[in-house]
$ cat model_24.cif   # mmCIF, C-alpha atoms and all ligand atoms
data_upload
#
loop_
_atom_site.label_atom_id
_atom_site.label_comp_id
_atom_site.auth_asym_id
_atom_site.auth_seq_id
_atom_site.Cartn_x
_atom_site.Cartn_y
_atom_site.Cartn_z
CA MET O 1 3.51 -23.88 -34.79
CA CYS O 2 3.60 -24.77 -31.07
CA ALA O 3 2.58 -27.89 -29.19
CA MET O 4 -1.17 -27.96 -28.53
CA LYS O 5 -1.94 -26.55 -25.10
CA LEU O 6 -5.73 -26.38 -25.10
CA PRO O 7 -7.14 -29.34 -23.15
CA SER O 8 -9.03 -31.72 -25.46
CA HIS O 9 -12.21 -31.56 -23.36
CA ILE O 10 -12.45 -27.85 -24.20
CA ASN O 11 -11.47 -27.91 -27.84
CA GLY O 12 -14.47 -29.79 -29.31
CA PRO O 13 -17.17 -28.06 -27.21
CA ALA O 14 -15.59 -24.63 -27.82
CA HIS O 15 -15.68 -25.23 -31.56
CA LYS O 16 -19.35 -26.24 -31.33
CA LEU O 17 -20.29 -23.25 -29.15
CA ILE O 18 -18.66 -20.81 -31.57
CA ASP O 19 -20.24 -22.52 -34.59
CA GLU O 20 -23.69 -22.28 -33.00
CA SER O 21 -23.31 -18.64 -31.97
CA GLY O 22 -24.09 -15.70 -34.23
CA LYS O 23 -23.65 -12.88 -31.72
CA ILE O 24 -20.46 -13.01 -29.72
CA ILE O 25 -19.26 -10.53 -27.09
CA VAL O 26 -15.68 -10.48 -25.88
CA THR O 27 -15.07 -8.96 -22.41
CA CYS O 28 -12.10 -8.38 -20.10
CA HIS O 29 -11.38 -7.15 -16.55
CA VAL O 30 -11.87 -3.66 -15.12
CA ASN O 31 -8.98 -1.22 -15.65
CA PRO O 32 -7.89 -3.14 -18.74
CA ASP O 33 -4.17 -3.60 -19.38
CA GLY O 34 -2.18 -4.70 -22.45
CA ASP O 35 -3.04 -8.36 -21.97
CA ALA O 36 -6.76 -7.68 -21.49
CA ILE O 37 -7.13 -5.38 -24.52
CA GLY O 38 -4.67 -7.37 -26.67
CA SER O 39 -6.40 -10.70 -26.05
CA ALA O 40 -9.90 -9.23 -26.51
CA LEU O 41 -9.01 -7.52 -29.81
CA GLY O 42 -6.84 -10.38 -31.09
CA LEU O 43 -9.63 -12.91 -30.55
CA SER O 44 -12.34 -10.60 -31.90
CA LEU O 45 -10.40 -9.91 -35.13
CA LEU O 46 -10.10 -13.64 -35.61
CA LEU O 47 -13.79 -14.31 -34.96
CA GLN O 48 -14.70 -11.56 -37.43
CA LYS O 49 -12.78 -13.49 -40.06
CA ARG O 50 -15.05 -16.45 -39.23
CA ASP O 51 -17.97 -14.15 -40.14
CA LYS O 52 -19.19 -13.74 -36.58
CA ASP O 53 -21.00 -10.65 -35.34
CA VAL O 54 -18.49 -9.89 -32.59
CA LYS O 55 -18.17 -6.89 -30.31
CA VAL O 56 -15.68 -6.08 -27.59
CA ILE O 57 -17.13 -4.59 -24.39
CA VAL O 58 -14.70 -3.56 -21.65
CA PRO O 59 -15.76 -2.32 -18.19
CA ASN O 60 -14.02 1.08 -18.23
CA GLN O 61 -11.47 3.22 -20.06
CA TYR O 62 -7.98 1.92 -20.83
CA PRO O 63 -4.65 3.68 -21.42
CA ASP O 64 -4.06 5.68 -24.63
CA PHE O 65 -0.85 3.72 -25.33
CA LEU O 66 -3.04 0.73 -26.28
CA LYS O 67 -5.34 2.63 -28.62
CA TRP O 68 -3.36 1.96 -31.80
CA MET O 69 -4.54 -1.64 -31.96
CA LYS O 70 -6.83 -2.62 -34.82
CA GLY O 71 -10.43 -2.71 -33.62
CA SER O 72 -9.70 -0.34 -30.74
CA ASP O 73 -12.02 2.32 -32.24
CA ALA O 74 -14.99 -0.03 -32.05
CA ILE O 75 -14.53 -1.06 -28.41
CA ILE O 76 -17.58 -0.29 -26.28
CA ILE O 77 -16.72 1.13 -22.87
CA TYR O 78 -19.40 -0.20 -20.52
CA GLU O 79 -19.12 2.68 -18.05
CA GLU O 80 -19.74 5.21 -20.85
CA ASP O 81 -22.60 3.39 -22.67
CA PRO O 82 -24.28 1.05 -20.17
CA ALA O 83 -27.68 0.94 -21.93
CA ILE O 84 -26.23 -0.04 -25.31
CA ALA O 85 -23.85 -2.51 -23.70
CA ASP O 86 -26.61 -4.11 -21.59
CA GLU O 87 -28.74 -4.66 -24.70
CA LEU O 88 -25.85 -6.24 -26.59
CA LEU O 89 -25.02 -8.49 -23.64
CA GLU O 90 -28.65 -9.56 -23.28
CA GLN O 91 -28.83 -10.49 -26.98
CA ALA O 92 -25.50 -12.32 -27.08
CA ASP O 93 -25.30 -16.04 -27.78
CA LEU O 94 -21.77 -16.41 -26.48
CA ILE O 95 -19.59 -14.33 -24.14
CA PHE O 96 -15.84 -14.67 -23.78
CA HIS O 97 -14.33 -13.76 -20.40
CA LEU O 98 -10.69 -12.95 -21.08
CA ASP O 99 -7.96 -12.33 -18.50
CA TYR O 100 -10.24 -12.53 -15.45
CA ASN O 101 -11.22 -15.34 -13.16
CA SER O 102 -14.29 -13.97 -11.36
CA LEU O 103 -17.28 -11.82 -12.34
CA LYS O 104 -16.27 -9.47 -9.51
CA ARG O 105 -13.30 -8.47 -11.66
CA SER O 106 -15.63 -7.08 -14.34
CA GLY O 107 -16.45 -4.08 -12.11
CA PRO O 108 -19.57 -2.29 -13.38
CA MET O 109 -20.46 -5.25 -15.66
CA GLU O 110 -20.78 -7.73 -12.79
CA SER O 111 -24.56 -7.60 -12.33
CA ILE O 112 -25.47 -7.82 -16.04
CA LEU O 113 -22.94 -10.59 -16.64
CA ALA O 114 -24.48 -12.57 -13.78
CA LYS O 115 -27.89 -12.70 -15.46
CA VAL O 116 -27.37 -12.94 -19.24
CA ARG O 117 -28.65 -16.01 -21.15
CA ALA O 118 -25.48 -16.40 -23.25
CA LYS O 119 -23.14 -19.34 -22.94
CA ARG O 120 -19.67 -18.44 -21.65
CA ILE O 121 -16.05 -19.33 -22.29
CA MET O 122 -13.32 -18.17 -19.89
CA ILE O 123 -9.71 -17.95 -21.05
CA ASP O 124 -7.52 -16.86 -18.16
CA HIS O 125 -4.22 -17.40 -16.36
CA HIS O 126 -5.09 -16.23 -12.82
CA PRO O 127 -5.21 -18.72 -9.95
CA GLU O 128 -8.45 -19.96 -8.34
CA PRO O 129 -10.93 -19.24 -11.17
CA ASP O 130 -14.68 -19.23 -10.41
CA ASP O 131 -16.74 -21.91 -12.11
CA PHE O 132 -19.56 -19.85 -13.71
CA PRO O 133 -18.60 -20.45 -17.38
CA GLU O 134 -19.70 -23.44 -19.48
CA LEU O 135 -16.10 -23.79 -20.63
CA ARG O 136 -13.01 -22.78 -18.73
CA TYR O 137 -9.54 -22.73 -20.24
CA SER O 138 -7.51 -21.80 -17.18
CA ASP O 139 -3.76 -22.26 -16.89
CA THR O 140 -1.64 -20.38 -14.34
CA ALA O 141 1.54 -21.56 -16.07
CA MET O 142 0.78 -19.28 -19.02
CA SER O 143 2.56 -15.94 -19.31
CA SER O 144 -0.55 -14.14 -20.46
CA THR O 145 -4.08 -14.55 -21.72
CA CYS O 146 -2.74 -13.53 -25.14
CA GLU O 147 -0.52 -16.61 -25.14
CA MET O 148 -3.60 -18.70 -24.30
CA VAL O 149 -5.68 -17.07 -27.06
CA TYR O 150 -2.90 -18.00 -29.49
CA HIS O 151 -3.13 -21.65 -28.34
CA PHE O 152 -6.93 -21.48 -28.48
CA ILE O 153 -6.84 -20.24 -32.09
CA GLU O 154 -4.26 -22.84 -33.04
CA SER O 155 -6.28 -25.69 -31.51
CA MET O 156 -9.32 -24.59 -33.50
CA GLY O 157 -7.21 -24.87 -36.65
CA TRP O 158 -7.67 -21.17 -37.32
CA GLU O 159 -4.07 -19.95 -37.31
CA LYS O 160 -4.41 -19.40 -41.06
CA TYR O 161 -6.80 -16.53 -40.25
CA LEU O 162 -4.24 -14.77 -38.03
CA ASP O 163 -2.98 -11.66 -39.79
CA THR O 164 -0.42 -9.08 -38.72
CA ASP O 165 -3.06 -6.88 -37.03
CA ALA O 166 -4.32 -9.69 -34.78
CA ALA O 167 -0.74 -10.90 -34.18
CA GLU O 168 0.21 -7.38 -32.99
CA CYS O 169 -2.63 -7.42 -30.46
CA LEU O 170 -1.57 -10.81 -29.07
CA TYR O 171 2.13 -9.90 -29.03
CA THR O 172 1.30 -6.79 -26.97
CA GLY O 173 -0.19 -8.91 -24.16
CA LEU O 174 2.81 -11.22 -24.22
CA THR O 175 5.23 -8.34 -23.81
CA THR O 176 3.25 -6.34 -21.22
CA ASP O 177 2.35 -9.29 -18.95
CA THR O 178 5.93 -10.57 -18.95
CA GLY O 179 7.50 -7.12 -18.43
CA SER O 180 9.15 -7.41 -21.87
CA PHE O 181 9.88 -11.13 -21.47
CA LYS O 182 11.49 -10.79 -18.04
CA TYR O 183 8.89 -12.70 -15.99
CA SER O 184 6.83 -15.88 -16.53
CA THR O 185 8.64 -16.51 -19.80
CA SER O 186 8.78 -20.18 -20.75
CA PRO O 187 10.21 -21.68 -23.94
CA ASP O 188 6.58 -21.92 -25.16
CA THR O 189 6.00 -18.21 -24.53
CA LEU O 190 8.97 -17.39 -26.74
CA LYS O 191 7.79 -19.86 -29.38
CA VAL O 192 4.42 -18.10 -29.49
CA ALA O 193 6.22 -14.74 -29.69
CA ALA O 194 8.33 -16.10 -32.55
CA SER O 195 5.21 -17.28 -34.41
CA LEU O 196 3.68 -13.80 -34.02
CA VAL O 197 6.86 -12.13 -35.25
CA ALA O 198 6.81 -14.50 -38.22
CA LEU O 199 3.32 -13.14 -38.97
CA GLY O 200 4.78 -9.67 -39.38
CA VAL O 201 4.89 -8.21 -35.85
CA LYS O 202 7.87 -5.90 -35.40
CA PRO O 203 8.94 -6.12 -31.74
CA GLU O 204 10.69 -2.73 -31.84
CA VAL O 205 7.56 -1.05 -33.20
CA ILE O 206 5.30 -2.54 -30.50
CA ALA O 207 7.85 -1.65 -27.80
CA SER O 208 7.96 1.91 -29.04
CA ARG O 209 4.14 2.25 -29.15
CA VAL O 210 3.66 0.74 -25.70
CA TYR O 211 6.67 1.99 -23.75
CA ASP O 212 8.02 5.10 -25.49
CA THR O 213 4.92 7.21 -25.07
CA ASN O 214 5.91 9.14 -21.95
CA THR O 215 4.70 12.68 -21.48
CA THR O 216 6.79 15.09 -19.44
CA SER O 217 4.12 15.11 -16.73
CA LYS O 218 4.14 11.32 -16.53
CA LEU O 219 7.91 11.30 -15.98
CA LYS O 220 7.56 14.02 -13.36
CA LEU O 221 4.94 11.91 -11.60
CA LEU O 222 7.40 9.01 -11.66
CA SER O 223 10.05 11.30 -10.24
CA ARG O 224 7.71 12.26 -7.38
CA ALA O 225 6.94 8.58 -6.76
CA LEU O 226 10.67 7.75 -6.58
CA GLU O 227 11.21 10.63 -4.12
CA ARG O 228 8.50 9.10 -1.96
CA MET O 229 9.92 5.56 -2.12
CA ASP O 230 10.52 4.08 1.31
CA ILE O 231 13.07 1.26 1.43
CA ILE O 232 12.65 -0.97 4.47
CA GLU O 233 15.77 -3.16 4.49
CA ARG O 234 14.59 -5.22 7.43
CA TYR O 235 11.59 -6.52 5.48
CA LYS O 236 13.22 -6.35 2.02
CA THR O 237 10.28 -4.18 1.08
CA ALA O 238 9.85 -0.98 -0.94
CA VAL O 239 6.77 1.19 -0.42
CA ILE O 240 5.77 3.90 -2.88
CA SER O 241 2.78 6.21 -2.58
CA LEU O 242 1.26 9.08 -4.49
CA SER O 243 -1.37 11.44 -3.09
CA GLU O 244 -4.37 12.96 -4.82
CA GLU O 245 -2.45 16.23 -4.81
CA ASP O 246 0.50 14.59 -6.64
CA LEU O 247 -1.86 13.24 -9.31
CA ILE O 248 -3.42 16.67 -9.83
CA THR O 249 -0.05 18.48 -9.84
CA PHE O 250 1.28 16.21 -12.59
CA ASN O 251 -1.93 16.09 -14.63
CA PHE O 252 -2.46 12.35 -14.09
CA GLN O 253 -3.79 10.45 -17.12
CA ARG O 254 -4.96 6.83 -17.10
CA GLY O 255 -1.92 4.59 -17.52
CA ASP O 256 0.58 7.08 -16.07
CA THR O 257 1.08 4.95 -12.95
CA GLU O 258 1.71 1.77 -14.95
CA GLY O 259 5.09 0.25 -14.12
CA ILE O 260 5.88 2.50 -11.12
CA VAL O 261 5.60 -0.43 -8.69
CA ASN O 262 8.43 -2.22 -10.55
CA TYR O 263 10.93 0.46 -9.53
CA GLY O 264 10.52 -0.65 -5.91
CA LEU O 265 11.41 -4.20 -6.82
CA SER O 266 14.39 -3.05 -8.87
CA VAL O 267 16.20 -1.84 -5.73
CA LEU O 268 18.97 -4.28 -4.83
CA GLY O 269 17.85 -6.79 -2.21
CA MET O 270 14.11 -6.03 -2.36
CA MET O 271 11.69 -8.97 -2.48
CA PHE O 272 8.44 -7.05 -2.14
CA SER O 273 7.19 -3.77 -3.59
CA ALA O 274 3.91 -2.03 -2.82
CA PHE O 275 2.51 1.05 -4.53
CA PHE O 276 -0.47 3.01 -3.18
CA TYR O 277 -2.38 5.74 -5.03
CA PRO O 278 -5.93 7.14 -5.20
CA ARG O 279 -8.22 5.81 -7.92
CA ASP O 280 -11.99 5.94 -8.35
CA GLY O 281 -12.58 7.24 -4.82
CA MET O 282 -10.52 4.49 -3.20
CA ILE O 283 -6.85 3.62 -2.76
CA LYS O 284 -5.52 1.27 -5.42
CA ILE O 285 -2.67 -0.98 -4.36
CA SER O 286 -0.24 -2.66 -6.76
CA LEU O 287 1.98 -5.39 -5.37
CA ARG O 288 5.00 -7.13 -6.89
CA SER O 289 7.38 -9.73 -5.46
CA LYS O 290 10.28 -11.97 -6.28
CA GLY O 291 10.72 -15.66 -5.54
CA ASP O 292 8.27 -17.44 -3.29
CA PHE O 293 6.67 -14.43 -1.62
CA ASP O 294 3.01 -14.72 -2.69
CA VAL O 295 1.44 -11.29 -3.27
CA ASN O 296 -1.79 -12.86 -4.58
CA ALA O 297 -2.34 -14.37 -1.11
CA PHE O 298 -1.30 -11.07 0.52
CA ALA O 299 -3.72 -9.02 -1.63
CA ARG O 300 -6.59 -11.45 -1.05
CA LYS O 301 -6.05 -11.52 2.70
CA HIS O 302 -5.53 -7.84 3.42
CA PHE O 303 -6.69 -5.69 0.52
CA ASN O 304 -9.71 -7.39 -1.04
CA GLY O 305 -7.71 -8.17 -4.16
CA GLY O 306 -5.86 -10.90 -6.00
CA GLY O 307 -3.76 -11.56 -9.07
CA HIS O 308 -0.73 -13.78 -9.55
CA LYS O 309 1.94 -15.00 -7.13
CA ASN O 310 4.43 -12.27 -8.11
CA ALA O 311 2.04 -9.55 -9.39
CA ALA O 312 -1.23 -8.68 -7.71
CA GLY O 313 -3.42 -5.76 -6.78
CA GLY O 314 -6.12 -4.70 -4.39
CA MET O 315 -8.15 -1.79 -3.09
CA SER O 316 -8.58 -0.02 0.22
CA GLU O 317 -11.52 2.10 1.30
CA LEU O 318 -9.39 3.76 3.99
CA SER O 319 -7.59 7.06 3.34
CA LEU O 320 -4.09 6.92 1.83
CA GLU O 321 -2.53 7.54 5.26
CA GLU O 322 -4.68 4.87 6.95
CA SER O 323 -4.03 2.38 4.14
CA LEU O 324 -0.28 2.87 4.50
CA LYS O 325 -0.57 2.60 8.28
CA LYS O 326 -2.40 -0.72 7.86
CA PHE O 327 0.32 -1.98 5.49
CA TYR O 328 3.18 -1.00 7.82
CA LYS O 329 1.38 -2.72 10.70
CA ILE O 330 0.92 -5.98 8.77
CA LEU O 331 4.46 -6.10 7.34
CA PRO O 332 6.38 -7.37 10.43
CA SER O 333 4.30 -10.56 10.49
CA TYR O 334 5.81 -11.41 7.07
CA GLU O 335 9.45 -10.89 8.12
CA GLU O 336 10.33 -14.57 8.10
CA GLU O 337 8.51 -15.27 4.82
CA LEU O 338 10.26 -12.32 3.17
CA HIS O 339 13.67 -13.51 4.32
CA ASN O 340 13.04 -17.06 3.14
CA ALA O 341 11.55 -16.02 -0.19
P1 LIG D 401 -1.74 -4.25 -11.37
O1 LIG D 401 -0.97 -4.05 -10.11
O2 LIG D 401 -0.87 -4.11 -12.58
O3 LIG D 401 -2.99 -3.44 -11.43
O4 LIG D 401 -2.25 -5.75 -11.37
C1 LIG D 401 -1.39 -6.85 -11.26
C2 LIG D 401 -2.17 -8.14 -11.35
O5 LIG D 401 -3.09 -8.23 -10.28
C3 LIG D 401 -3.00 -8.29 -12.60
O6 LIG D 401 -2.95 -9.66 -12.95
C4 LIG D 401 -4.40 -7.93 -12.20
O7 LIG D 401 -5.33 -8.63 -12.95
C5 LIG D 401 -4.44 -8.32 -10.74
N1 LIG D 401 -5.23 -7.36 -9.95
C6 LIG D 401 -5.04 -6.03 -9.85
N2 LIG D 401 -5.94 -5.45 -9.03
C7 LIG D 401 -6.74 -6.45 -8.61
C8 LIG D 401 -7.90 -6.50 -7.74
O8 LIG D 401 -8.36 -5.48 -7.19
N3 LIG D 401 -8.45 -7.72 -7.55
C9 LIG D 401 -7.98 -8.86 -8.14
N4 LIG D 401 -8.59 -10.03 -7.89
N5 LIG D 401 -6.90 -8.84 -8.95
C10 LIG D 401 -6.29 -7.67 -9.18
MN MN D 402 -3.04 -11.17 -17.95
#
$ encode --input "model_24.cif" --output "structure tokens"
Amino acid sequence: MCAMKLPSHINGPAHKLIDESGKIIVTCHVNPDGDAIGSALGLSLLLQKRDKDVKVIVPNQYPDFLKWMKGSDAIIIYEEDPAIADELLEQADLIFHLDYNSLKRSGPMESILAKVRAKRIMIDHHPEPDDFPELRYSDTAMSSTCEMVYHFIESMGWEKYLDTDAAECLYTGLTTDTGSFKYSTSPDTLKVAASLVALGVKPEVIASRVYDTNTTSKLKLLSRALERMDIIERYKTAVISLSEEDLITFNFQRGDTEGIVNYGLSVLGMMFSAFFYPRDGMIKISLRSKGDFDVNAFARKHFNGGGHKNAAGGMSELSLEESLKKFYKILPSYEEELHNA
């Protein structure tokens, strides 16, 4: 049992909204990660125990290493079944927006989500959330949306419905969003983790399912990325890039690039790491930093993106070469900030 975190002005109305809603849809951001899928499934398993008709709809495919979670088989992938998903969204009484702060982050679901009649509840830990939902539980101090879903469930008085399956989903988001409890890990985060372990989660089993699933080709792709790593001592910055050809050579599968950006930041003295690779016809950029260097601001300003202060992402419509050129051109203007970070 942890101290109540859910603000009291949300608790009562959220309870009422859920009570009044028969059909509930739980959604998350595009390119879902462990926190997005874990929070969506954890909450949906709980709502099912409250006899709700609840479905999880996610914008596009997610990595195989998350597909062991209970309820994963029933997830509707919007990109693959837009007609079915649209109908469900149109009929919904209540929609949860988990782990995203703006409809833009729902990718192909943005236009339908903008016009549905359902009431909405956002649970999210990204800065500067939009104000479209009826209820917004937003807290940037939280490690993960999974931690927030735990607090949400607890404030509703529903922790008795949490079973090991739902606890495993929530624990997964805690571990992935904190890099295995290395970042954003407060005493409360560890208390929530402890409560989930007390419900039967085995940390070594989750770690093995999520992290020890490498294929040979994934490790070879990592090897290529490390070969390509450019360490710029002057700006305390590491730049990694993979080309379309690299992805083809090493039989790229969704999720294979996860974590590569962290290697840049693991080099002694680096404060900033940037990773560029082709995805969905554009260049995806992952950014990580240490200390006060704000990659959310950097991604918003230069690469149409966002995220958190120390972990953010963005996109570029330029070619890989042109995107890198743009990055190298911008970097010197951050020299002072990077040295003071
Ligand atoms: P990653 O680099 O792992 O894809 O993302 C790191 C963080 O940045 C996550 O919190 C993710 O939600 C956020 N993020 C990644 N890409 C984008 C983007 O294109 N736009 C915004 N607003 N956030 C992003
Ligand atoms: Mn998250």
$ residues_near_ligand --input "model_24.cif" --ligand "ligand LIG 401 (chain D)" --cutoff "7 Å" --atoms "all atoms listed in the file" --output "list of chain:residue names"
O:Tyr100, O:Arg105, O:His126, O:Glu258, O:Ile285, O:Ser286, O:Leu287, O:Asn304, O:Gly305, O:Gly306, O:Gly307, O:His308, O:Ala311, O:Ala312, O:Gly313, O:Gly314, O:Met315
$ closest_residue --input "model_24.cif" --among "O:His125, O:His97, O:Arg209, O:His151" --to "Lys67 (chain O)" --atoms "only C-alpha atoms"
O:Arg209
$ residues_around --input "model_24.cif" --residues "His9 (chain O)" --least-positions-apart "6" --cutoff "12 Å" --atoms "only C-alpha atoms" --output "PDB file with C-alpha atoms, in the frame of the given file"
ATOM      1  CA  HIS O  15     -15.680 -25.230 -31.560  1.00  0.00           C
ATOM      2  CA  LYS O  16     -19.350 -26.240 -31.330  1.00  0.00           C
ATOM      3  CA  GLU O 134     -19.700 -23.440 -19.480  1.00  0.00           C
ATOM      4  CA  LEU O 135     -16.100 -23.790 -20.630  1.00  0.00           C
ATOM      5  CA  ARG O 136     -13.010 -22.780 -18.730  1.00  0.00           C
ATOM      6  CA  TYR O 137      -9.540 -22.730 -20.240  1.00  0.00           C
ATOM      7  CA  SER O 155      -6.280 -25.690 -31.510  1.00  0.00           C
TER       8      SER O 155
END
$ closest_residue --input "model_24.cif" --among "O:Gln48, O:Ser208, O:Thr237, O:Ser102" --to "His339 (chain O)" --atoms "all atoms listed in the file"
O:Thr237
$ residues_near_ligand --input "model_24.cif" --ligand "ligand MN 402 (chain D)" --cutoff "9 Å" --atoms "all atoms listed in the file" --output "list in words"
Asp33, Gly34, Asp35, Ala36, Ser39, Leu98, Asp99, Tyr100, Asp124, His125, His126, Ser143, Ser144, Thr145, Cys146, Gly173, Leu174, Thr176, Asp177 and Gly307 of chain O
$ closest_residue --input "model_24.cif" --among "O:Ser186, O:Asn310, O:Ser106, O:Gln61" --to "Arg254 (chain O)" --atoms "all atoms listed in the file"
O:Gln61
$ residues_around --input "model_24.cif" --residues "region 113-121 of chain O" --least-positions-apart "5" --cutoff "8 Å" --atoms "only C-alpha atoms" --output "MDAnalysis selection string"
chainID O and resid 14 17 89:97 103 133:137
$ atom_distance --input "model_24.cif" --atom1 "CA of Glu204 (chain O)" --atom2 "CA of Gly38 (chain O)"
16.9 Å
$ build_atoms --input "model_24.cif" --residues "region 129-140 of chain O" --atoms "N, CA and C atoms" --output "tab-separated table (two decimals), keeping the file's coordinate frame"
chain	number	residue	atom	x	y	z
O	129	PRO	N	-9.81	-19.79	-10.39
O	129	PRO	CA	-10.93	-19.24	-11.17
O	129	PRO	C	-12.29	-19.72	-10.66
O	130	ASP	N	-13.29	-18.85	-10.74
O	130	ASP	CA	-14.68	-19.23	-10.41
O	130	ASP	C	-15.19	-20.18	-11.49
O	131	ASP	N	-16.30	-20.90	-11.14
O	131	ASP	CA	-16.74	-21.91	-12.11
O	131	ASP	C	-18.04	-21.55	-12.83
O	132	PHE	N	-18.32	-20.24	-13.02
O	132	PHE	CA	-19.56	-19.85	-13.71
O	132	PHE	C	-19.60	-20.17	-15.21
O	133	PRO	N	-18.47	-20.26	-15.93
O	133	PRO	CA	-18.60	-20.45	-17.38
O	133	PRO	C	-18.86	-21.91	-17.77
O	134	GLU	N	-19.49	-22.09	-18.93
O	134	GLU	CA	-19.70	-23.44	-19.48
O	134	GLU	C	-18.35	-24.09	-19.77
O	135	LEU	N	-17.42	-23.27	-20.30
O	135	LEU	CA	-16.10	-23.79	-20.63
O	135	LEU	C	-15.03	-22.90	-20.01
O	136	ARG	N	-14.05	-23.55	-19.42
O	136	ARG	CA	-13.01	-22.78	-18.73
O	136	ARG	C	-11.64	-23.28	-19.17
O	137	TYR	N	-10.92	-22.42	-19.89
O	137	TYR	CA	-9.54	-22.73	-20.24
O	137	TYR	C	-8.69	-21.87	-19.30
O	138	SER	N	-8.21	-22.52	-18.24
O	138	SER	CA	-7.51	-21.80	-17.18
O	138	SER	C	-6.15	-22.46	-16.99
O	139	ASP	N	-5.09	-21.67	-17.04
O	139	ASP	CA	-3.76	-22.26	-16.89
O	139	ASP	C	-2.82	-21.21	-16.30
O	140	THR	N	-2.47	-21.39	-15.02
O	140	THR	CA	-1.64	-20.38	-14.34
O	140	THR	C	-0.19	-20.43	-14.81
